[in-house]
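protein-v7.txt (compact mmCIF, C-alpha atoms and all ligand atoms)
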```txt
# COMPACT_ATOMS: atom_id res chain seq x y z
CA MET A 28 -9.10 -86.71 -83.54
CA ILE A 29 -12.22 -88.25 -82.13
CA ALA A 30 -13.11 -87.12 -78.63
CA PRO A 31 -12.07 -89.47 -75.84
CA GLY A 32 -14.81 -91.70 -74.49
CA LEU A 33 -15.96 -92.81 -77.94
CA PRO A 34 -18.16 -95.90 -77.52
CA MET A 35 -16.68 -99.12 -78.87
CA THR A 36 -19.49 -100.33 -81.13
CA ILE A 37 -21.11 -98.80 -84.19
CA ALA A 38 -24.48 -98.97 -82.41
CA GLY A 39 -23.06 -97.18 -79.37
CA ARG A 40 -21.45 -94.49 -81.50
CA LEU A 41 -24.68 -94.01 -83.48
CA ASP A 42 -26.54 -93.49 -80.20
CA GLN A 43 -24.00 -90.89 -79.18
CA VAL A 44 -24.22 -89.03 -82.50
CA ARG A 45 -28.03 -89.10 -82.37
CA ALA A 46 -27.99 -87.68 -78.84
CA ARG A 47 -25.67 -84.86 -79.95
CA ILE A 48 -27.86 -84.12 -82.95
CA ALA A 49 -30.89 -83.93 -80.65
CA ALA A 50 -29.03 -81.61 -78.25
CA ALA A 51 -27.90 -79.32 -81.08
CA CYS A 52 -31.50 -79.22 -82.38
CA ALA A 53 -32.76 -78.33 -78.90
CA ARG A 54 -30.24 -75.47 -78.63
CA ALA A 55 -31.43 -74.14 -82.00
CA GLY A 56 -35.14 -74.63 -81.27
CA ARG A 57 -35.38 -77.16 -84.10
CA SER A 58 -37.05 -80.56 -84.32
CA PRO A 59 -34.62 -83.49 -84.69
CA ASP A 60 -36.96 -84.76 -87.43
CA GLY A 61 -35.60 -81.96 -89.59
CA VAL A 62 -32.08 -83.40 -89.61
CA THR A 63 -31.19 -86.51 -91.62
CA LEU A 64 -28.10 -88.34 -90.46
CA VAL A 65 -26.14 -89.64 -93.45
CA ALA A 66 -23.65 -92.25 -92.23
CA VAL A 67 -20.59 -91.93 -94.49
CA SER A 68 -19.36 -95.49 -94.87
CA LYS A 69 -16.51 -94.91 -97.36
CA THR A 70 -13.54 -97.27 -96.80
CA HIS A 71 -15.64 -99.43 -94.45
CA PRO A 72 -16.92 -102.91 -95.42
CA PRO A 73 -20.56 -103.94 -96.02
CA GLN A 74 -20.49 -105.63 -92.63
CA SER A 75 -20.14 -102.23 -90.92
CA ILE A 76 -23.03 -100.80 -92.95
CA LEU A 77 -25.23 -103.74 -91.95
CA GLU A 78 -24.22 -103.29 -88.33
CA ALA A 79 -25.40 -99.68 -88.51
CA MET A 80 -28.64 -100.82 -90.16
CA VAL A 81 -29.36 -103.16 -87.29
CA ALA A 82 -29.10 -100.06 -85.10
CA GLY A 83 -31.73 -98.35 -87.26
CA GLN A 84 -29.56 -96.36 -89.68
CA THR A 85 -30.91 -96.30 -93.26
CA HIS A 86 -29.13 -93.36 -94.97
CA PHE A 87 -25.56 -94.04 -96.10
CA GLY A 88 -23.01 -91.93 -97.95
CA GLU A 89 -20.17 -92.99 -100.22
CA ASN A 90 -17.65 -90.85 -102.07
CA ARG A 91 -16.28 -93.07 -104.88
CA ILE A 92 -18.44 -95.06 -107.26
CA GLU A 93 -15.59 -97.51 -107.94
CA GLU A 94 -15.51 -98.49 -104.28
CA ALA A 95 -19.22 -98.12 -103.61
CA ALA A 96 -20.77 -100.18 -106.42
CA GLU A 97 -19.82 -103.59 -105.08
CA LYS A 98 -20.52 -102.68 -101.46
CA MET A 99 -23.92 -101.27 -102.32
CA ALA A 100 -24.91 -104.39 -104.22
CA ALA A 101 -23.82 -106.56 -101.29
CA VAL A 102 -25.77 -104.45 -98.79
CA ASN A 103 -28.88 -104.03 -100.94
CA ALA A 104 -29.09 -107.81 -101.39
CA VAL A 105 -29.45 -108.49 -97.66
CA ALA A 106 -30.61 -105.17 -96.19
CA PRO A 107 -33.37 -105.60 -93.60
CA LEU A 108 -34.66 -102.08 -94.41
CA PRO A 109 -34.77 -100.02 -97.62
CA VAL A 110 -31.48 -98.12 -97.95
CA THR A 111 -31.15 -94.54 -99.18
CA TRP A 112 -27.75 -93.99 -100.83
CA HIS A 113 -26.07 -90.59 -100.97
CA MET A 114 -23.12 -89.78 -103.24
CA VAL A 115 -21.11 -87.17 -101.34
CA GLY A 116 -17.80 -87.08 -103.25
CA HIS A 117 -16.64 -85.45 -106.47
CA VAL A 118 -17.78 -87.46 -109.52
CA GLN A 119 -16.03 -87.50 -112.90
CA SER A 120 -18.39 -86.84 -115.80
CA ARG A 121 -17.76 -90.25 -117.31
CA LYS A 122 -19.00 -91.89 -114.07
CA ALA A 123 -22.23 -89.91 -113.92
CA HIS A 124 -24.18 -92.69 -115.54
CA ASP A 125 -23.21 -95.26 -112.91
CA VAL A 126 -23.89 -92.82 -110.09
CA ALA A 127 -27.35 -91.92 -111.39
CA ALA A 128 -28.23 -95.59 -111.68
CA ALA A 129 -27.23 -96.49 -108.13
CA PHE A 130 -27.72 -93.46 -105.88
CA ASP A 131 -30.84 -91.71 -104.58
CA TRP A 132 -29.12 -88.41 -103.75
CA VAL A 133 -26.10 -86.62 -105.14
CA HIS A 134 -24.68 -84.00 -102.75
CA SER A 135 -21.76 -83.08 -105.00
CA LEU A 136 -23.25 -81.54 -108.12
CA ASP A 137 -20.31 -79.23 -108.84
CA SER A 138 -20.44 -78.47 -112.58
CA GLU A 139 -22.95 -77.92 -115.35
CA ARG A 140 -21.24 -80.60 -117.39
CA LEU A 141 -22.00 -83.13 -114.67
CA ALA A 142 -25.59 -81.89 -114.38
CA ALA A 143 -26.09 -82.49 -118.12
CA ARG A 144 -24.62 -86.00 -117.79
CA TYR A 145 -26.88 -86.83 -114.84
CA SER A 146 -29.91 -85.54 -116.72
CA ARG A 147 -29.14 -87.80 -119.67
CA ALA A 148 -28.34 -90.73 -117.40
CA VAL A 149 -31.69 -90.48 -115.63
CA ALA A 150 -33.48 -90.58 -118.97
CA ASP A 151 -31.44 -93.67 -120.00
CA SER A 152 -31.63 -95.51 -116.69
CA PRO A 153 -34.37 -98.13 -116.58
CA SER A 154 -33.66 -98.97 -112.93
CA ARG A 155 -34.39 -95.41 -111.74
CA HIS A 156 -37.78 -94.39 -110.49
CA GLY A 157 -38.21 -90.64 -110.60
CA PRO A 158 -35.70 -87.82 -110.73
CA LEU A 159 -32.23 -87.80 -109.21
CA ARG A 160 -32.25 -85.65 -106.12
CA CYS A 161 -29.32 -83.24 -106.37
CA LEU A 162 -27.67 -80.69 -104.13
CA ILE A 163 -25.58 -78.00 -105.75
CA GLN A 164 -22.14 -77.99 -104.16
CA VAL A 165 -20.87 -74.48 -103.59
CA ASN A 166 -17.62 -73.08 -102.28
CA VAL A 167 -18.66 -70.38 -99.81
CA SER A 168 -15.32 -70.21 -97.98
CA GLY A 169 -13.05 -69.35 -100.92
CA GLU A 170 -10.63 -72.07 -99.91
CA ALA A 171 -8.71 -73.02 -103.06
CA THR A 172 -8.85 -76.77 -102.43
CA LYS A 173 -12.64 -76.94 -102.33
CA SER A 174 -14.64 -77.96 -105.36
CA GLY A 175 -18.05 -76.55 -106.09
CA PHE A 176 -19.46 -73.48 -107.76
CA SER A 177 -17.71 -70.25 -106.77
CA ALA A 178 -19.92 -68.51 -104.25
CA TRP A 179 -17.66 -66.88 -101.65
CA ALA A 180 -18.16 -63.33 -102.92
CA TRP A 181 -21.60 -63.40 -104.54
CA ARG A 182 -22.89 -60.57 -102.33
CA ARG A 183 -20.24 -58.07 -103.42
CA GLU A 184 -19.17 -59.32 -106.86
CA LYS A 185 -21.94 -59.04 -109.40
CA SER A 186 -20.04 -61.19 -111.91
CA MET A 187 -19.81 -64.07 -109.43
CA ARG A 188 -23.46 -63.76 -108.54
CA ASP A 189 -24.54 -63.65 -112.18
CA ALA A 190 -22.42 -66.66 -113.11
CA LEU A 191 -23.85 -68.69 -110.24
CA TRP A 192 -27.46 -67.64 -110.82
CA ASP A 193 -27.17 -68.32 -114.56
CA ALA A 194 -25.67 -71.77 -114.00
CA ILE A 195 -28.38 -72.66 -111.50
CA GLY A 196 -31.07 -71.47 -113.89
CA ARG A 197 -29.71 -73.72 -116.64
CA MET A 198 -29.36 -76.74 -114.34
CA ILE A 199 -32.88 -76.37 -112.99
CA ALA A 200 -34.18 -76.48 -116.55
CA LEU A 201 -32.67 -79.93 -117.16
CA PRO A 202 -35.15 -82.82 -117.06
CA GLY A 203 -34.67 -85.65 -114.58
CA LEU A 204 -33.01 -83.62 -111.81
CA ASP A 205 -34.68 -82.51 -108.61
CA ILE A 206 -32.52 -79.66 -107.29
CA ALA A 207 -33.33 -79.86 -103.59
CA GLY A 208 -30.81 -77.47 -102.06
CA LEU A 209 -27.13 -76.79 -101.42
CA MET A 210 -24.09 -78.58 -100.04
CA THR A 211 -20.77 -77.27 -98.80
CA MET A 212 -17.56 -78.51 -97.21
CA ALA A 213 -16.17 -76.36 -94.43
CA PRO A 214 -12.43 -75.80 -94.16
CA VAL A 215 -10.52 -77.94 -91.68
CA VAL A 216 -10.06 -75.78 -88.60
CA GLU A 217 -8.81 -76.09 -85.06
CA ASP A 218 -12.08 -75.20 -83.36
CA ALA A 219 -15.48 -76.17 -84.84
CA GLU A 220 -16.81 -72.75 -83.90
CA GLN A 221 -14.67 -71.28 -86.69
CA THR A 222 -16.86 -73.06 -89.25
CA ARG A 223 -19.99 -71.20 -88.16
CA PRO A 224 -19.64 -68.32 -90.68
CA VAL A 225 -19.24 -70.84 -93.51
CA PHE A 226 -22.45 -72.64 -92.58
CA ALA A 227 -24.29 -69.36 -92.04
CA ALA A 228 -23.10 -68.30 -95.51
CA LEU A 229 -24.56 -71.43 -97.10
CA ARG A 230 -27.91 -70.74 -95.47
CA GLY A 231 -27.74 -67.09 -96.55
CA LEU A 232 -27.09 -68.09 -100.14
CA ARG A 233 -29.99 -70.55 -100.05
CA ASP A 234 -32.29 -67.83 -98.68
CA ALA A 235 -31.26 -65.56 -101.56
CA LEU A 236 -31.83 -68.23 -104.21
CA ARG A 237 -35.24 -69.30 -102.96
CA PRO A 238 -37.30 -66.34 -104.24
CA ASP A 239 -35.43 -66.23 -107.56
CA PHE A 240 -35.97 -69.94 -108.29
CA PRO A 241 -39.34 -70.74 -106.70
CA MET A 242 -39.72 -73.89 -108.80
CA CYS A 243 -37.16 -75.68 -106.55
CA GLY A 244 -37.53 -76.88 -102.99
CA TRP A 245 -34.35 -75.34 -101.50
CA ASP A 246 -35.10 -76.94 -98.14
CA ALA A 247 -32.04 -79.19 -98.12
CA LEU A 248 -28.76 -77.93 -96.65
CA SER A 249 -26.05 -80.60 -96.52
CA MET A 250 -23.37 -79.34 -94.18
CA GLY A 251 -21.46 -80.65 -91.19
CA MET A 252 -19.16 -83.65 -90.69
CA THR A 253 -17.68 -85.42 -87.66
CA ASP A 254 -15.79 -82.38 -86.40
CA ASP A 255 -18.42 -79.71 -86.95
CA TYR A 256 -21.93 -81.17 -87.32
CA GLU A 257 -23.30 -79.65 -84.13
CA VAL A 258 -22.42 -76.13 -85.31
CA ALA A 259 -23.86 -76.95 -88.75
CA ILE A 260 -27.16 -78.02 -87.18
CA GLU A 261 -27.33 -74.82 -85.15
CA GLU A 262 -26.92 -72.98 -88.47
CA GLY A 263 -29.69 -74.91 -90.24
CA ALA A 264 -28.23 -78.16 -91.65
CA THR A 265 -30.92 -80.61 -92.75
CA LEU A 266 -28.43 -83.33 -93.77
CA VAL A 267 -25.23 -84.04 -91.83
CA ARG A 268 -22.59 -86.32 -93.38
CA ILE A 269 -20.84 -88.21 -90.61
CA GLY A 270 -18.18 -90.87 -91.05
CA ARG A 271 -15.55 -91.17 -88.32
CA ALA A 272 -17.84 -90.53 -85.36
CA ILE A 273 -19.87 -93.60 -86.41
CA PHE A 274 -17.44 -96.00 -88.08
CA GLY A 275 -14.20 -94.94 -86.45
CA GLU A 276 -11.02 -93.58 -88.00
CA ARG A 277 -10.31 -94.46 -91.63
CA GLU A 278 -7.03 -96.03 -92.67
CA THR A 279 -7.16 -94.24 -96.03
CA ALA A 280 -8.87 -91.07 -97.18
C1 LIG B 301 -15.62 -88.39 -95.82
C2 LIG B 301 -16.64 -87.36 -96.03
C3 LIG B 301 -17.53 -87.00 -95.00
C4 LIG B 301 -17.44 -87.59 -93.60
O1 LIG B 301 -16.30 -87.12 -92.95
P1 LIG B 301 -16.02 -87.45 -91.40
O2 LIG B 301 -15.02 -86.42 -91.03
O3 LIG B 301 -15.51 -88.84 -91.37
O4 LIG B 301 -17.29 -87.31 -90.68
C5 LIG B 301 -18.48 -86.04 -95.27
N1 LIG B 301 -18.59 -85.47 -96.49
C6 LIG B 301 -17.76 -85.79 -97.50
C7 LIG B 301 -17.94 -85.11 -98.81
C8 LIG B 301 -16.76 -86.74 -97.31
O5 LIG B 301 -15.94 -87.05 -98.32
```
Take the structure in the file and give it back as C-alpha cells.
Ligand SMILES: *Cc1c(COP(=O)(O)O)cnc(C)c1O
Amino acid sequence: MIAPGLPMTIAGRLDQVRARIAAACARAGRSPDGVTLVAVSKTHPPQSILEAMVAGQTHFGENRIEEAAEKMAAVNAVAPLPVTWHMVGHVQSRKAHDVAAAFDWVHSLDSERLAARYSRAVADSPSRHGPLRCLIQVNVSGEATKSGFSAWAWRREKSMRDALWDAIGRMIALPGLDIAGLMTMAPVVEDAEQTRPVFAALRGLRDALRPDFPMCGWDALSMGMTDDYEVAIEEGATLVRIGRAIFGERETA
C-alpha cells in the first residue's frame, strides 16, 4: 500500500519522492547527488513517462523488453531531454541482444550465460556507443524466489564465495561490459526496517569485492524500491528503483 496523502499527479509524487530521498541522504550524511532516482515505468504508457520528463525525470526503468521496446521508441522520438534507460527485470538469454541494443544500464545481470550474450551483443550492435553498463544481481537474503548469484552465505561458506568470485572474474574479463556494481531485491516485509540487514549485506559484499577486482568501479549499488528506498539510501544505495510511489499502483505485475 502507498501511504495516505499521496499527491495526485506524477509531478507531485516525484517531488515527494525527491524530498524523501533528500531527507534520507541528510540522515546518512550523504549528498543527494550520489543517489540516482530510476523511475520504474513498467505497465505505464509513454504518456506517463513524458509527464515525468516534463517534471525533470530522465532515468527510467523497465522490466520486460517485449513491453518496453515500443514504449521506448515512442518516448525517444519525442523526448525533450536525453533519456537513460535501465533494464531492471530478469532477461532471457535469447533477448539479450535486444536489451543491449536499447538500454544504457542492465541492473539484472544474473548469470554468466547472459553476460556472454550481452558481451557478444555489444560487439554486434551498431547503434551502441561504448560498453553496456551492468550491475551484477546477487541474492543476499537467501530467499528462494529471488534470482541472482547466490551470495547469502559467502562469508561462512568458502564454496559459495569461490563460486561467486570466480564467476565475477570471468564476467569482468568479457569485452563490452562495464561492471559498475551490484543490485539486489529485498524480500517483501511488513516493516521497511526489516530490509536493512539485506541492504547492509549488499554493501558489505561490494566492499569485499572492491580490493579483489580493482579494475571495476564498484561504486554503484542498486537497491531500494517504493516500500524501502529510504532505508536503502541510509545503507548506501546509489540507484533506487521506484515505480508505484511515482506512477501509482499497477494493475498487473
Ligand atoms: C517493479 C520493480 C521495481 C519498482 O517497484 P515499486 O515497488 O513499484 O517501486 C523495482 N525493481 C524491480 C526489479 C522491479 O521489477
> Could you tell me, as number ranges by chain, which residues have any atom at most 8 Å from (-28.2, -94.5, -111.1), counting all atoms listed in the file?
Replying inline: A: 124-131, 148-149, 152, 154-155
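Our summary of the geometry notes that CA of Ala100 (chain A) is positioned 12.0 Å from CA of Pro72 (chain A).
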>> I want to know what sits within 12 Å of region 237-245 of chain A, based on all atoms listed in the file, with residues of the same chain fewer than 3 positions away left out; could you give that as a PyMOL selection string?
In response: chain A and resi 160-163+192-200+204-210+229-234+248-249+264-265
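With distances restricted to all atoms listed in the file, A:Leu41 is the closest residue to Met80 (chain A) from A:Ala228, A:Leu159, A:Val115, A:Leu41.
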>> Can you work out which residues are within 10 Å of ligand LIG 301 (chain B), considering all atoms listed in the file, and then hand them over as a PyMOL selection string?
In response: chain A and resi 28-29+65-70+88-91+114-117+134-135+164+210-213+215+249-256+267-277+280
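One distance worth recording is that between CA of Asn103 (chain A) and CA of Ile76 (chain A), which is 10.4 Å.
For the pair CA of Thr172 (chain A) and CA of Arg144 (chain A), the interatomic distance is 23.9 Å.
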>> Around (-26.4, -75.6, -77.7), as given in the file, which residues come within 9 Å? Count all atoms listed in the file and list them as a PyMOL selection string.
In response: chain A and resi 50-55+257-258+261
Please determine an axis-aligned box that encloses all atoms of region 150-161 of chain A listed in the file, with 3 Å added on each side, and express its centre and edge lengths in Å to one decimal as AutoDock Vina command-line options.
```
--center_x -33.8 --center_y -91.1 --center_z -113.1 --size_x 14.9 --size_y 21.7 --size_z 19.9
```
